[in-house]
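Reproduced below: protein-v2.cif, with mmCIF, C-alpha atoms and all ligand atoms.
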data_query
#
loop_
_atom_site.label_atom_id
_atom_site.label_comp_id
_atom_site.auth_asym_id
_atom_site.auth_seq_id
_atom_site.Cartn_x
_atom_site.Cartn_y
_atom_site.Cartn_z
CA MET L 1 103.68 123.47 84.98
CA ASN L 2 107.06 122.75 86.52
CA PHE L 3 108.96 119.47 86.20
CA ASP L 4 111.61 120.29 88.81
CA PHE L 5 111.59 119.70 92.55
CA THR L 6 111.18 122.84 94.66
CA GLU L 7 114.22 123.99 96.66
CA GLU L 8 112.60 122.47 99.78
CA GLN L 9 112.06 119.15 98.03
CA LYS L 10 115.67 119.11 96.77
CA LEU L 11 116.94 119.77 100.27
CA PHE L 12 114.69 117.07 101.73
CA ALA L 13 115.81 114.55 99.09
CA GLU L 14 119.48 115.30 99.84
CA GLN L 15 118.94 114.95 103.60
CA VAL L 16 117.16 111.60 103.23
CA ARG L 17 119.82 110.33 100.81
CA ARG L 18 122.60 111.30 103.22
CA PHE L 19 120.82 109.54 106.08
CA ALA L 20 120.28 106.44 103.94
CA ARG L 21 123.90 106.39 102.78
CA GLU L 22 125.22 106.75 106.31
CA HIS L 23 122.85 104.36 108.10
CA LEU L 24 121.26 101.97 105.61
CA ALA L 25 123.63 101.31 102.69
CA GLU L 26 125.78 99.01 104.80
CA GLY L 27 123.89 95.78 105.39
CA ALA L 28 121.45 96.36 102.50
CA LEU L 29 122.02 92.85 101.07
CA GLU L 30 121.54 91.07 104.41
CA ARG L 31 118.41 93.12 105.13
CA ALA L 32 116.92 92.13 101.77
CA HIS L 33 117.30 88.45 102.61
CA ASP L 34 115.92 88.74 106.15
CA PRO L 35 112.17 88.01 106.26
CA ARG L 36 111.74 89.84 109.58
CA PHE L 37 110.50 93.42 109.70
CA PRO L 38 113.55 95.67 110.34
CA PHE L 39 112.45 97.33 113.58
CA ASP L 40 115.97 98.77 114.04
CA VAL L 41 115.56 100.65 110.74
CA ALA L 42 112.04 101.76 111.73
CA GLN L 43 113.34 103.24 114.98
CA LEU L 44 116.16 105.03 113.20
CA MET L 45 113.72 106.42 110.65
CA ALA L 46 111.34 107.53 113.40
CA LYS L 47 114.16 109.63 114.92
CA GLN L 48 114.89 111.03 111.46
CA GLY L 49 111.21 112.05 111.00
CA LEU L 50 110.59 109.60 108.17
CA LEU L 51 107.54 107.93 109.72
CA GLY L 52 104.28 109.89 109.60
CA ILE L 53 105.65 112.38 107.07
CA THR L 54 102.15 113.37 105.94
CA LEU L 55 100.49 113.31 109.37
CA PRO L 56 99.83 116.57 111.21
CA PRO L 57 102.51 117.56 113.78
CA GLY L 58 99.83 117.47 116.51
CA GLU L 59 99.53 113.74 115.92
CA GLY L 60 103.27 113.04 115.91
CA GLY L 61 103.71 113.56 112.17
CA GLN L 62 105.78 116.00 110.12
CA GLY L 63 102.99 117.88 108.31
CA GLY L 64 104.59 117.09 104.94
CA THR L 65 103.04 116.17 101.62
CA LEU L 66 102.46 112.83 99.93
CA MET L 67 105.10 113.89 97.40
CA ASP L 68 107.60 114.23 100.29
CA ALA L 69 106.81 110.64 101.28
CA VAL L 70 107.37 109.51 97.67
CA ILE L 71 110.73 111.31 97.69
CA ALA L 72 111.63 109.50 100.92
CA ILE L 73 110.88 106.11 99.34
CA GLU L 74 113.02 106.95 96.31
CA GLN L 75 116.01 108.17 98.31
CA VAL L 76 115.94 105.33 100.82
CA ALA L 77 115.47 102.65 98.13
CA ALA L 78 118.44 104.03 96.18
CA GLU L 79 120.71 102.94 99.07
CA CYS L 80 118.73 100.07 100.63
CA PRO L 81 115.76 98.69 98.66
CA ARG L 82 114.39 96.70 101.62
CA SER L 83 114.33 99.74 103.92
CA ALA L 84 111.86 101.40 101.55
CA ASP L 85 109.31 98.98 103.08
CA VAL L 86 109.68 100.86 106.34
CA VAL L 87 108.85 104.16 104.63
CA GLN L 88 105.85 102.37 103.13
CA PHE L 89 104.71 101.10 106.51
CA GLY L 90 105.15 104.47 108.22
CA ASN L 91 103.46 106.60 105.57
CA PHE L 92 101.42 104.73 102.97
CA GLY L 93 100.18 101.46 104.47
CA PRO L 94 97.18 100.86 106.74
CA ILE L 95 98.64 103.52 109.07
CA ARG L 96 97.46 106.16 106.57
CA VAL L 97 93.83 104.95 106.60
CA PHE L 98 94.09 104.67 110.38
CA ALA L 99 95.41 108.22 110.72
CA GLU L 100 92.74 109.55 108.35
CA TYR L 101 89.72 107.93 109.98
CA GLY L 102 90.76 106.80 113.48
CA THR L 103 89.02 108.30 116.52
CA PRO L 104 91.09 110.40 118.97
CA ALA L 105 90.92 107.50 121.46
CA GLN L 106 92.20 104.98 118.89
CA LYS L 107 95.05 107.28 117.88
CA GLN L 108 95.91 107.95 121.51
CA ARG L 109 96.23 104.22 122.04
CA TRP L 110 98.25 103.10 119.00
CA LEU L 111 99.68 105.96 116.95
CA ALA L 112 102.68 106.79 119.16
CA ASP L 113 103.94 103.18 119.11
CA LEU L 114 103.48 102.96 115.34
CA LEU L 115 105.24 106.25 114.64
CA SER L 116 108.15 105.42 116.93
CA GLY L 117 108.86 102.20 115.01
CA ARG L 118 108.19 100.03 118.07
CA THR L 119 105.29 98.25 116.44
CA VAL L 120 103.86 97.62 113.00
CA MET L 121 100.31 97.40 111.65
CA SER L 122 99.04 94.77 109.23
CA LEU L 123 96.11 95.00 106.83
CA GLY L 124 93.64 92.11 106.58
CA MET L 125 91.55 92.64 103.49
CA THR L 126 92.03 89.58 101.25
CA GLU L 127 90.21 86.34 102.10
CA PRO L 128 90.52 82.85 100.63
CA ASP L 129 87.43 83.48 98.44
CA ALA L 130 87.71 87.27 98.11
CA GLY L 131 90.87 88.45 96.33
CA SER L 132 90.31 90.86 93.45
CA ALA L 133 86.57 90.64 94.22
CA VAL L 134 87.26 92.15 97.63
CA THR L 135 83.63 93.14 98.21
CA ASP L 136 82.83 89.39 98.42
CA LEU L 137 84.54 89.35 101.81
CA LYS L 138 82.70 87.31 104.44
CA THR L 139 84.49 88.09 107.71
CA SER L 140 81.61 89.33 109.84
CA ALA L 141 81.25 91.80 112.70
CA ARG L 142 78.12 91.36 114.83
CA LEU L 143 77.16 93.80 117.59
CA ASP L 144 76.71 92.18 121.00
CA GLY L 145 76.21 94.72 123.78
CA ALA L 146 79.31 96.90 124.01
CA HIS L 147 81.32 94.54 121.79
CA TYR L 148 81.56 93.34 118.22
CA VAL L 149 82.03 89.64 117.59
CA ILE L 150 84.33 88.89 114.63
CA ASP L 151 84.25 85.62 112.66
CA GLY L 152 86.15 84.75 109.48
CA SER L 153 89.63 84.41 107.94
CA LYS L 154 92.18 86.56 106.11
CA VAL L 155 95.17 85.62 103.96
CA PHE L 156 98.36 87.21 102.56
CA SER L 157 98.58 90.06 105.10
CA THR L 158 102.01 91.71 104.91
CA PHE L 159 103.77 92.19 108.27
CA SER L 160 101.31 89.76 109.93
CA PRO L 161 104.07 87.63 111.55
CA GLU L 162 105.17 90.64 113.64
CA ALA L 163 102.24 93.08 113.75
CA GLN L 164 100.69 93.99 117.09
CA ILE L 165 97.67 95.69 115.58
CA PHE L 166 95.58 94.60 112.58
CA LEU L 167 93.23 96.68 110.45
CA ILE L 168 90.61 94.18 109.35
CA TYR L 169 87.98 94.71 106.66
CA VAL L 170 84.70 93.25 107.90
CA ARG L 171 81.09 92.90 106.92
CA PHE L 172 78.58 94.46 109.35
CA ALA L 173 75.64 93.72 107.02
CA PRO L 174 75.03 92.36 103.49
CA GLY L 175 76.00 94.35 100.37
CA LEU L 176 78.62 96.98 99.62
CA GLY L 177 77.11 99.32 102.20
CA GLY L 178 77.62 96.68 104.90
CA ILE L 179 81.44 96.73 104.65
CA GLY L 180 83.64 98.59 107.11
CA SER L 181 86.72 97.93 109.21
CA VAL L 182 87.85 97.22 112.76
CA LEU L 183 91.10 97.20 114.72
CA VAL L 184 92.11 93.94 116.39
CA GLU L 185 95.10 93.53 118.69
CA ARG L 186 97.35 90.48 118.60
CA GLY L 187 96.49 88.33 121.60
CA THR L 188 92.76 89.12 121.59
CA PRO L 189 90.93 85.89 122.58
CA GLY L 190 89.42 84.26 119.49
CA PHE L 191 92.07 85.76 117.16
CA SER L 192 94.66 83.19 116.05
CA ILE L 193 97.60 83.70 113.72
CA GLY L 194 98.82 80.77 111.60
CA LYS L 195 102.41 79.81 110.93
CA PRO L 196 104.31 81.98 108.44
CA SER L 197 104.35 81.22 104.69
CA ALA L 198 106.77 82.95 102.32
CA PHE L 199 106.14 84.96 99.16
CA MET L 200 108.64 84.72 96.26
CA SER L 201 110.18 87.93 97.66
CA GLY L 202 111.04 86.19 100.93
CA GLU L 203 108.51 88.29 102.88
CA GLU L 204 106.28 86.28 105.15
CA TRP L 205 102.56 86.32 105.83
CA CYS L 206 100.26 84.32 108.11
CA GLU L 207 96.65 83.23 107.90
CA LEU L 208 94.49 85.19 110.33
CA HIS L 209 91.52 83.41 111.93
CA PHE L 210 88.73 84.99 113.92
CA ALA L 211 86.39 82.68 115.85
CA ASP L 212 83.96 84.36 118.20
CA CYS L 213 86.56 87.09 118.68
CA ARG L 214 85.14 89.88 120.85
CA ILE L 215 86.49 93.40 120.44
CA PRO L 216 85.26 96.60 122.13
CA ALA L 217 82.81 98.63 120.00
CA GLY L 218 85.37 101.46 120.25
CA ASN L 219 87.65 99.45 117.95
CA VAL L 220 85.47 100.10 114.90
CA LEU L 221 87.50 102.23 112.48
CA LEU L 222 84.90 102.72 109.74
CA GLY L 223 81.39 101.45 110.33
CA PRO L 224 78.90 100.23 107.71
CA GLY L 225 79.16 102.35 104.56
CA GLY L 226 82.86 102.99 105.16
CA PHE L 227 84.09 100.97 102.17
CA LYS L 228 84.32 103.89 99.74
CA LYS L 229 86.25 106.00 102.25
CA GLN L 230 88.54 103.06 102.89
CA MET L 231 89.27 102.62 99.20
CA ALA L 232 89.99 106.34 98.87
CA GLY L 233 92.56 105.92 101.65
CA PHE L 234 93.79 102.72 100.03
CA ASN L 235 94.82 104.72 96.95
CA VAL L 236 97.55 106.19 99.16
CA GLU L 237 98.77 102.65 99.90
CA ARG L 238 98.75 101.98 96.17
CA LEU L 239 100.98 105.01 95.57
CA GLY L 240 103.52 103.65 98.06
CA ASN L 241 103.52 100.35 96.20
CA THR L 242 103.86 102.34 92.94
CA ALA L 243 106.80 104.37 94.25
CA ARG L 244 108.63 101.27 95.51
CA SER L 245 108.16 99.47 92.16
CA LEU L 246 109.74 102.33 90.32
CA ALA L 247 112.47 102.89 92.91
CA LEU L 248 113.54 99.25 92.86
CA GLY L 249 113.50 99.25 89.06
CA ARG L 250 115.77 102.28 89.16
CA TYR L 251 118.05 100.65 91.72
CA ALA L 252 118.49 97.67 89.36
CA PHE L 253 119.00 100.02 86.39
CA ASN L 254 121.78 101.90 88.21
CA ALA L 255 123.48 98.67 89.27
CA ALA L 256 123.39 97.37 85.69
CA ARG L 257 124.69 100.70 84.32
CA ASP L 258 127.64 100.68 86.74
CA TYR L 259 128.34 97.08 85.81
CA ALA L 260 128.18 97.80 82.07
CA LEU L 261 130.76 100.57 82.51
CA THR L 262 133.33 98.25 84.08
CA ARG L 263 132.65 94.66 83.00
CA GLU L 264 134.68 93.76 79.89
CA GLN L 265 134.00 91.03 77.36
CA PHE L 266 135.64 90.72 73.93
CA ASP L 267 138.18 93.29 75.23
CA ARG L 268 135.55 96.02 75.55
CA PRO L 269 133.31 97.29 78.35
CA LEU L 270 129.74 96.03 77.97
CA CYS L 271 128.47 99.62 77.54
CA GLU L 272 130.19 99.77 74.12
CA PHE L 273 127.90 97.08 72.64
CA GLN L 274 125.00 98.68 70.84
CA GLY L 275 122.72 95.76 71.70
CA LEU L 276 123.09 96.74 75.35
CA GLN L 277 123.06 100.52 74.77
CA TRP L 278 119.58 100.22 73.27
CA LYS L 279 118.41 98.21 76.25
CA PHE L 280 119.56 101.06 78.51
CA ALA L 281 117.90 103.65 76.28
CA ASP L 282 114.61 101.71 76.40
CA MET L 283 114.87 101.35 80.16
CA ALA L 284 115.57 105.08 80.58
CA VAL L 285 112.49 106.00 78.49
CA LYS L 286 110.33 103.67 80.58
CA LEU L 287 111.63 104.85 83.94
CA GLU L 288 111.34 108.55 83.09
CA SER L 289 107.79 108.25 81.75
CA ALA L 290 106.58 106.18 84.71
CA GLN L 291 108.15 108.67 87.10
CA LEU L 292 106.11 111.53 85.61
CA LEU L 293 102.91 109.53 86.14
CA LEU L 294 103.86 108.78 89.73
CA TYR L 295 104.70 112.41 90.46
CA ARG L 296 101.45 113.61 88.87
CA ALA L 297 99.36 111.30 91.03
CA ALA L 298 101.28 112.20 94.20
CA THR L 299 101.35 115.96 93.54
CA ASN L 300 97.66 116.17 92.68
CA ALA L 301 96.90 114.04 95.74
CA ASP L 302 98.34 116.73 97.94
CA ARG L 303 95.08 118.55 97.36
CA GLY L 304 93.29 115.59 98.99
CA LEU L 305 93.44 111.81 98.63
CA PRO L 306 94.85 110.63 95.29
CA SER L 307 92.53 110.28 92.33
CA ALA L 308 91.58 106.66 91.59
CA TYR L 309 92.30 107.14 87.88
CA GLU L 310 95.69 108.83 88.24
CA THR L 311 96.68 106.25 90.83
CA ALA L 312 95.59 103.38 88.56
CA ILE L 313 97.57 104.76 85.60
CA ALA L 314 100.67 105.40 87.73
CA LYS L 315 100.55 102.04 89.49
CA THR L 316 100.05 100.09 86.26
CA ALA L 317 102.98 101.87 84.59
CA CYS L 318 105.36 101.70 87.56
CA ASN L 319 104.51 98.07 88.41
CA GLN L 320 105.12 96.91 84.85
CA ILE L 321 108.15 99.09 84.22
CA GLY L 322 109.75 98.44 87.61
CA PHE L 323 109.60 94.71 86.94
CA GLU L 324 110.63 94.91 83.26
CA VAL L 325 113.64 97.07 84.07
CA ALA L 326 114.73 94.90 87.02
CA SER L 327 114.41 91.79 84.85
CA GLU L 328 116.42 93.41 82.04
CA ALA L 329 119.08 94.46 84.58
CA VAL L 330 119.41 90.81 85.65
CA GLN L 331 119.95 89.89 81.98
CA ILE L 332 122.59 92.58 81.50
CA MET L 333 124.50 91.46 84.58
CA GLY L 334 124.44 87.82 83.50
CA ALA L 335 124.96 85.15 86.14
CA LEU L 336 126.04 87.77 88.68
CA GLY L 337 122.70 89.55 88.27
CA TYR L 338 120.89 86.25 88.80
CA SER L 339 122.90 85.57 91.92
CA ARG L 340 121.89 86.43 95.46
CA ASP L 341 125.19 88.24 95.88
CA THR L 342 123.69 91.33 94.28
CA LEU L 343 120.40 93.10 94.98
CA VAL L 344 119.30 93.06 91.35
CA GLU L 345 117.57 89.68 91.52
CA TYR L 346 115.89 90.84 94.77
CA CYS L 347 114.53 93.92 92.97
CA MET L 348 113.14 91.64 90.26
CA ARG L 349 111.39 89.37 92.77
CA ARG L 350 109.97 92.27 94.79
CA THR L 351 108.66 94.23 91.83
CA ARG L 352 106.94 91.07 90.54
CA GLY L 353 104.78 90.91 93.68
CA TRP L 354 103.55 94.48 93.36
CA MET L 355 101.96 93.63 90.01
CA ILE L 356 99.56 91.49 92.10
CA ALA L 357 99.39 93.26 95.47
CA GLY L 358 97.29 96.34 96.18
CA GLY L 359 95.09 95.94 93.10
CA SER L 360 96.54 93.72 90.37
CA ILE L 361 97.46 95.37 87.09
CA GLU L 362 94.47 93.65 85.44
CA ILE L 363 92.06 95.16 87.97
CA LEU L 364 93.71 98.57 87.53
CA LYS L 365 93.41 98.26 83.75
CA ASN L 366 89.69 97.56 84.22
CA ARG L 367 89.52 100.86 86.12
CA ILE L 368 91.44 102.69 83.39
CA ALA L 369 89.16 101.24 80.69
CA GLU L 370 86.12 102.54 82.58
CA HIS L 371 87.68 106.00 82.41
CA VAL L 372 88.45 105.60 78.70
CA PHE L 373 84.86 104.62 77.86
CA ASP L 374 83.28 106.72 80.61
CA ARG L 375 81.22 103.64 81.52
CA ARG L 376 81.17 101.26 84.42
CA PHE L 377 81.85 97.65 83.41
CA ASP L 378 80.42 95.30 86.01
CA GLN L 379 82.83 92.35 86.36
CA ARG L 380 80.14 90.09 87.79
CA LYS L 381 78.16 87.55 85.84
CA ARG L 382 74.88 89.03 84.65
CA GLN L 383 71.82 87.59 86.36
CA ALA L 384 69.68 85.61 83.93
CA ALA L 385 66.42 87.42 83.17
CA PRO L 386 63.51 85.83 85.08
CA ALA L 387 61.49 83.42 82.94
CA GLU L 388 58.20 84.93 81.75
C1 LIG L 401 103.35 90.76 97.86
C2 LIG L 401 101.91 90.76 98.26
C3 LIG L 401 101.51 91.44 99.41
C4 LIG L 401 100.16 91.42 99.79
N1 LIG L 401 99.81 92.06 100.95
C5 LIG L 401 98.52 92.03 101.35
C6 LIG L 401 98.13 92.63 102.60
O1 LIG L 401 98.94 93.22 103.33
N2 LIG L 401 96.81 92.53 102.98
C7 LIG L 401 95.88 91.89 102.22
O2 LIG L 401 94.73 91.86 102.62
N3 LIG L 401 96.22 91.30 101.04
C8 LIG L 401 97.52 91.35 100.60
N4 LIG L 401 97.88 90.74 99.41
C9 LIG L 401 96.87 90.05 98.64
C10 LIG L 401 96.44 90.83 97.39
O3 LIG L 401 95.65 91.92 97.75
C11 LIG L 401 95.72 89.85 96.47
O4 LIG L 401 96.67 88.90 96.05
C12 LIG L 401 95.07 90.54 95.26
O5 LIG L 401 93.97 91.30 95.65
C13 LIG L 401 94.64 89.52 94.19
O6 LIG L 401 93.84 88.53 94.78
P1 LIG L 401 94.19 86.99 94.52
O7 LIG L 401 95.62 86.77 94.79
O8 LIG L 401 93.19 86.19 95.30
O9 LIG L 401 93.98 86.75 92.98
P2 LIG L 401 92.58 86.56 92.21
O10 LIG L 401 91.64 87.64 92.58
O11 LIG L 401 92.13 85.16 92.37
O12 LIG L 401 93.02 86.81 90.70
C14 LIG L 401 93.79 85.87 89.95
C15 LIG L 401 94.17 86.51 88.63
O13 LIG L 401 92.99 86.86 87.90
C16 LIG L 401 93.00 88.26 87.60
N5 LIG L 401 91.64 88.77 87.68
C17 LIG L 401 90.74 88.61 88.69
N6 LIG L 401 89.61 89.26 88.41
C18 LIG L 401 89.76 89.84 87.19
C19 LIG L 401 88.96 90.66 86.34
N7 LIG L 401 87.73 91.03 86.71
N8 LIG L 401 89.47 91.09 85.17
C20 LIG L 401 90.73 90.72 84.79
N9 LIG L 401 91.54 89.95 85.54
C21 LIG L 401 91.06 89.53 86.72
C22 LIG L 401 93.90 88.89 88.65
O14 LIG L 401 94.44 90.11 88.22
C23 LIG L 401 94.96 87.81 88.83
O15 LIG L 401 95.92 87.93 87.81
C24 LIG L 401 99.21 90.75 99.00
C25 LIG L 401 99.62 90.09 97.84
C26 LIG L 401 100.94 90.09 97.46
C27 LIG L 401 101.36 89.37 96.22
#
Can the structure from this file be put into structure tokens for me?
Amino acid sequence: MNFDFTEEQKLFAEQVRRFAREHLAEGALERAHDPRFPFDVAQLMAKQGLLGITLPPGEGGQGGTLMDAVIAIEQVAAECPRSADVVQFGNFGPIRVFAEYGTPAQKQRWLADLLSGRTVMSLGMTEPDAGSAVTDLKTSARLDGAHYVIDGSKVFSTFSPEAQIFLIYVRFAPGLGGIGSVLVERGTPGFSIGKPSAFMSGEEWCELHFADCRIPAGNVLLGPGGFKKQMAGFNVERLGNTARSLALGRYAFNAARDYALTREQFDRPLCEFQGLQWKFADMAVKLESAQLLLYRAATNADRGLPSAYETAIAKTACNQIGFEVASEAVQIMGALGYSRDTLVEYCMRRTRGWMIAGGSIEILKNRIAEHVFDRRFDQRKRQAAPAE
């Protein structure tokens, strides 16, 4: 067992950090408050080889590991927290499921645009009546000749105001085995996109409506029975969410530490007050322990897709700790920390959302408890026994 980065990983981390310092540090505050997807950053990152890190070189990727992509999130977020979203989009989001399961024709059509940062993909999984209970989704796909006809609605899809291509979870038939996914392009007749709403973080999302929306049968990503595969791929997305939570918590921690070294009250720098020293010690313990869980899940995942259990443990820890640390950093920086003139309050708002997105911490804890007891706990109401 080795707790250090390899020489290659150290070099990669330094290169990404240098790139982020030179190109992303300036303008980090403005970027955080801009709801639009930063396509300029995506195009810069594409040139730097930071999109498609884990995809094979033959498909326009870098042939790297999931751990490399985690390192990229950490190094980018340390200079510009918002730009870490671009690393997420280009490596962990729906693009990863697409790259894993897409047909050669689908990849030929969309992958180059995605990996060059010219376009972005959005994931439509959640529905008004199917949030945590995602398998209750109703959006249907019905075969009609050489087409599928899609009907239904999706909510809360990140990047939906700007995305050109949408990965939509659909139901081909009743039951878990009837769930799969399709690719739908913006502008397809029968596909309408509502007006943007804002999350607490400032990010925007739109309702997606499908009414008699016909897509070519070749746009099916995973047919009936594809749900389990999709969720295995979705664990990669969860790790990106996990890595950003921790990275933004660490950003806030560093900002608060720098502040505590220079801000004086009662004729002393804040760092000399024991009440604050212990806060920093607690934060350091939390950040370091969560980081080990994240690295374990990402490193083991390099032998395949990440384990559901290790991902659940890492995401729960990093989501909670990222938010707790960012919130404590706001407290330590007083009114300045609470102000939009620093990025600390932004880190607090962003990390709060990841406790809900991509599998809420309650749902992940259900998964962890199943591992603890080595039993499956069905969350659904038990059917009453038929009367004799
Ligand atoms: C920032 C952000 C980005 C998102 N991006 C996307 C996206 O790109 N695409 C997409 O499809 N969706 C996206 N979502 C939606 C997200 O997937 C859902 O919010 C999530 O699945 C929870 O569903 P819900 O909000 O309907 O809450 P509900 O499922 O209604 O849950 C409400 C509360 O009850 C808890 N709860 C529910 N069931 C249980 C249970 N069995 N045991 C214990 N507690 C339970 C939940 O944890 C939660 O606290 C995003 C959400 C956020 C906040």
How close does chain L get to ligand LIG 401 (chain L)? List, as CSV, each residue of chain L within 8 Å, its nearest atom pair and the distance in Å to one decimal, counting all atoms listed in the file.
residue,atom,partner,partner_atom,distance
L:Ser122,CA,L:LIG401,O1,6.1
L:Leu123,CA,L:LIG401,N2,4.6
L:Gly124,CA,L:LIG401,O2,4.1
L:Met125,CA,L:LIG401,O2,3.4
L:Thr126,CA,L:LIG401,O2,3.8
L:Glu127,CA,L:LIG401,O2,7.2
L:Pro128,CA,L:LIG401,O8,6.8
L:Asp129,CA,L:LIG401,O8,7.1
L:Ala130,CA,L:LIG401,O8,6.3
L:Gly131,CA,L:LIG401,O6,3.4
L:Ser132,CA,L:LIG401,O10,3.6
L:Ala133,CA,L:LIG401,O10,6.1
L:Val134,CA,L:LIG401,O5,7.0
L:Lys154,CA,L:LIG401,O2,6.8
L:Val155,CA,L:LIG401,O2,6.4
L:Phe156,CA,L:LIG401,C8,4.7
L:Ser157,CA,L:LIG401,C6,3.6
L:Thr158,CA,L:LIG401,O1,3.8
L:Phe159,CA,L:LIG401,O1,7.0
L:Ser160,CA,L:LIG401,O1,7.8
L:Phe199,CA,L:LIG401,C1,6.6
L:Ser201,CA,L:LIG401,C1,7.4
L:Glu203,CA,L:LIG401,C1,7.6
L:Arg350,CA,L:LIG401,C1,7.5
L:Gly353,CA,L:LIG401,C1,4.4
L:Trp354,CA,L:LIG401,C1,5.8
L:Met355,CA,L:LIG401,C27,7.6
L:Ile356,CA,L:LIG401,C27,5.0
L:Ala357,CA,L:LIG401,C25,4.0
L:Gly358,CA,L:LIG401,O3,5.0
L:Gly359,CA,L:LIG401,O5,5.4
L:Ser360,CA,L:LIG401,O14,4.7
L:Ile361,CA,L:LIG401,O14,6.2
L:Glu362,CA,L:LIG401,O14,4.5
L:Ile363,CA,L:LIG401,N8,5.6
L:Asn366,CA,L:LIG401,N8,6.5
L:Gln379,CA,L:LIG401,N7,5.1
L:Arg380,CA,L:LIG401,N7,7.7
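Taking CA of Leu66 (chain L) and CA of Asn235 (chain L) as endpoints, the distance between them is 11.5 Å.
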Env of Ser197 (chain L): 10 Å cut, atoms = all atoms listed in the file, seq-sep filter 2 positions within chain, self excluded. Answer as a PDB file with C-alpha atoms, keeping the file's coordinate frame.
ATOM      1  CA  PHE L 156      98.360  87.210 102.560  1.00  0.00           C
ATOM      2  CA  PRO L 161     104.070  87.630 111.550  1.00  0.00           C
ATOM      3  CA  GLY L 194      98.820  80.770 111.600  1.00  0.00           C
ATOM      4  CA  LYS L 195     102.410  79.810 110.930  1.00  0.00           C
ATOM      5  CA  PHE L 199     106.140  84.960  99.160  1.00  0.00           C
ATOM      6  CA  GLY L 202     111.040  86.190 100.930  1.00  0.00           C
ATOM      7  CA  GLU L 203     108.510  88.290 102.880  1.00  0.00           C
ATOM      8  CA  GLU L 204     106.280  86.280 105.150  1.00  0.00           C
ATOM      9  CA  TRP L 205     102.560  86.320 105.830  1.00  0.00           C
ATOM     10  CA  CYS L 206     100.260  84.320 108.110  1.00  0.00           C
ATOM     11  CA  GLU L 207      96.650  83.230 107.900  1.00  0.00           C
TER      12      GLU L 207
END
TODO: Measure the distance from CA of Leu50 (chain L) to CA of Leu208 (chain L) in Å and round it to one decimal.
DONE: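 Interatomic distance here is 29.3 Å.
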Open item on the list: Need the shell around Ala211 (chain L): protein/DNA/RNA residues with any atom at most 10 Å away, counting only C-alpha atoms. Skip same-chain ones fewer than 3 positions apart. Format as a PyMOL selection string?
Closed with: chain L and resi 139+149-153+189-192+214
- [ ] Compare L:Arg171, L:Leu183, L:Ala46, L:Leu55 by their minimum atom-to-atom distance to Leu115 (chain L), counting all atoms listed in the file, and give me the closest one.
- [x]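 Among the listed residues, the smallest separation from Leu115 (chain L) belongs to L:Ala46.
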TODO: Do a neighbour search on region 279-294 of chain L at 6 Å with all atoms listed in the file, toss out local chain neighbours closer than 5 positions, and write the hits as an NGL selection string.
DONE: :L and (314 or 317-318 or 325)
Write the residues you've just listed into a file as a short mmCIF file (atom, residue, chain, number, x, y, z; two decimals), in the frame of the given file, and include C-alpha atoms for each of them.
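Final file, part-v8.cif:
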data_model
loop_
_atom_site.label_atom_id
_atom_site.label_comp_id
_atom_site.auth_asym_id
_atom_site.auth_seq_id
_atom_site.Cartn_x
_atom_site.Cartn_y
_atom_site.Cartn_z
CA ALA L 314 100.67 105.40 87.73
CA ALA L 317 102.98 101.87 84.59
CA CYS L 318 105.36 101.70 87.56
CA VAL L 325 113.64 97.07 84.07
#
TODO: With a distance cut-off of 8 Å and all atoms listed in the file, select the neighbouring residues of region 22-34 of chain L, excluding the residue or stretch itself and same-chain residues fewer than 5 positions from it, and output the selection as a ChimeraX atom specification.
DONE: /L:41,76,79-83,202,341-343,346
Save out the residues we just selected, C-alpha atoms, as a tab-separated table (two decimals), keeping the file's coordinate frame.
chain	number	residue	atom	x	y	z
L	41	VAL	CA	115.56	100.65	110.74
L	76	VAL	CA	115.94	105.33	100.82
L	79	GLU	CA	120.71	102.94	99.07
L	80	CYS	CA	118.73	100.07	100.63
L	81	PRO	CA	115.76	98.69	98.66
L	82	ARG	CA	114.39	96.70	101.62
L	83	SER	CA	114.33	99.74	103.92
L	202	GLY	CA	111.04	86.19	100.93
L	341	ASP	CA	125.19	88.24	95.88
L	342	THR	CA	123.69	91.33	94.28
L	343	LEU	CA	120.40	93.10	94.98
L	346	TYR	CA	115.89	90.84	94.77
TODO: Just give me the gap between CA of Ala256 (chain L) and CA of Ala78 (chain L) in Å, one decimal is fine.
DONE: 13.4 Å
With all atoms of region 240-256 of chain L from the file as input, state the centre and edge lengths in Å to one decimal of the axis-aligned box that has 5 Å extra on each side, as JSON.
{"center_x": 113.5, "center_y": 100.9, "center_z": 91.9, "size_x": 30.0, "size_y": 17.0, "size_z": 22.4}
Task: Pick from L:Phe12, L:Tyr309, L:Tyr338, L:Phe39, whichever lies nearest to Arg367 (chain L) using all atoms listed in the file - done: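 Among the listed residues, the smallest separation from Arg367 (chain L) belongs to L:Tyr309.
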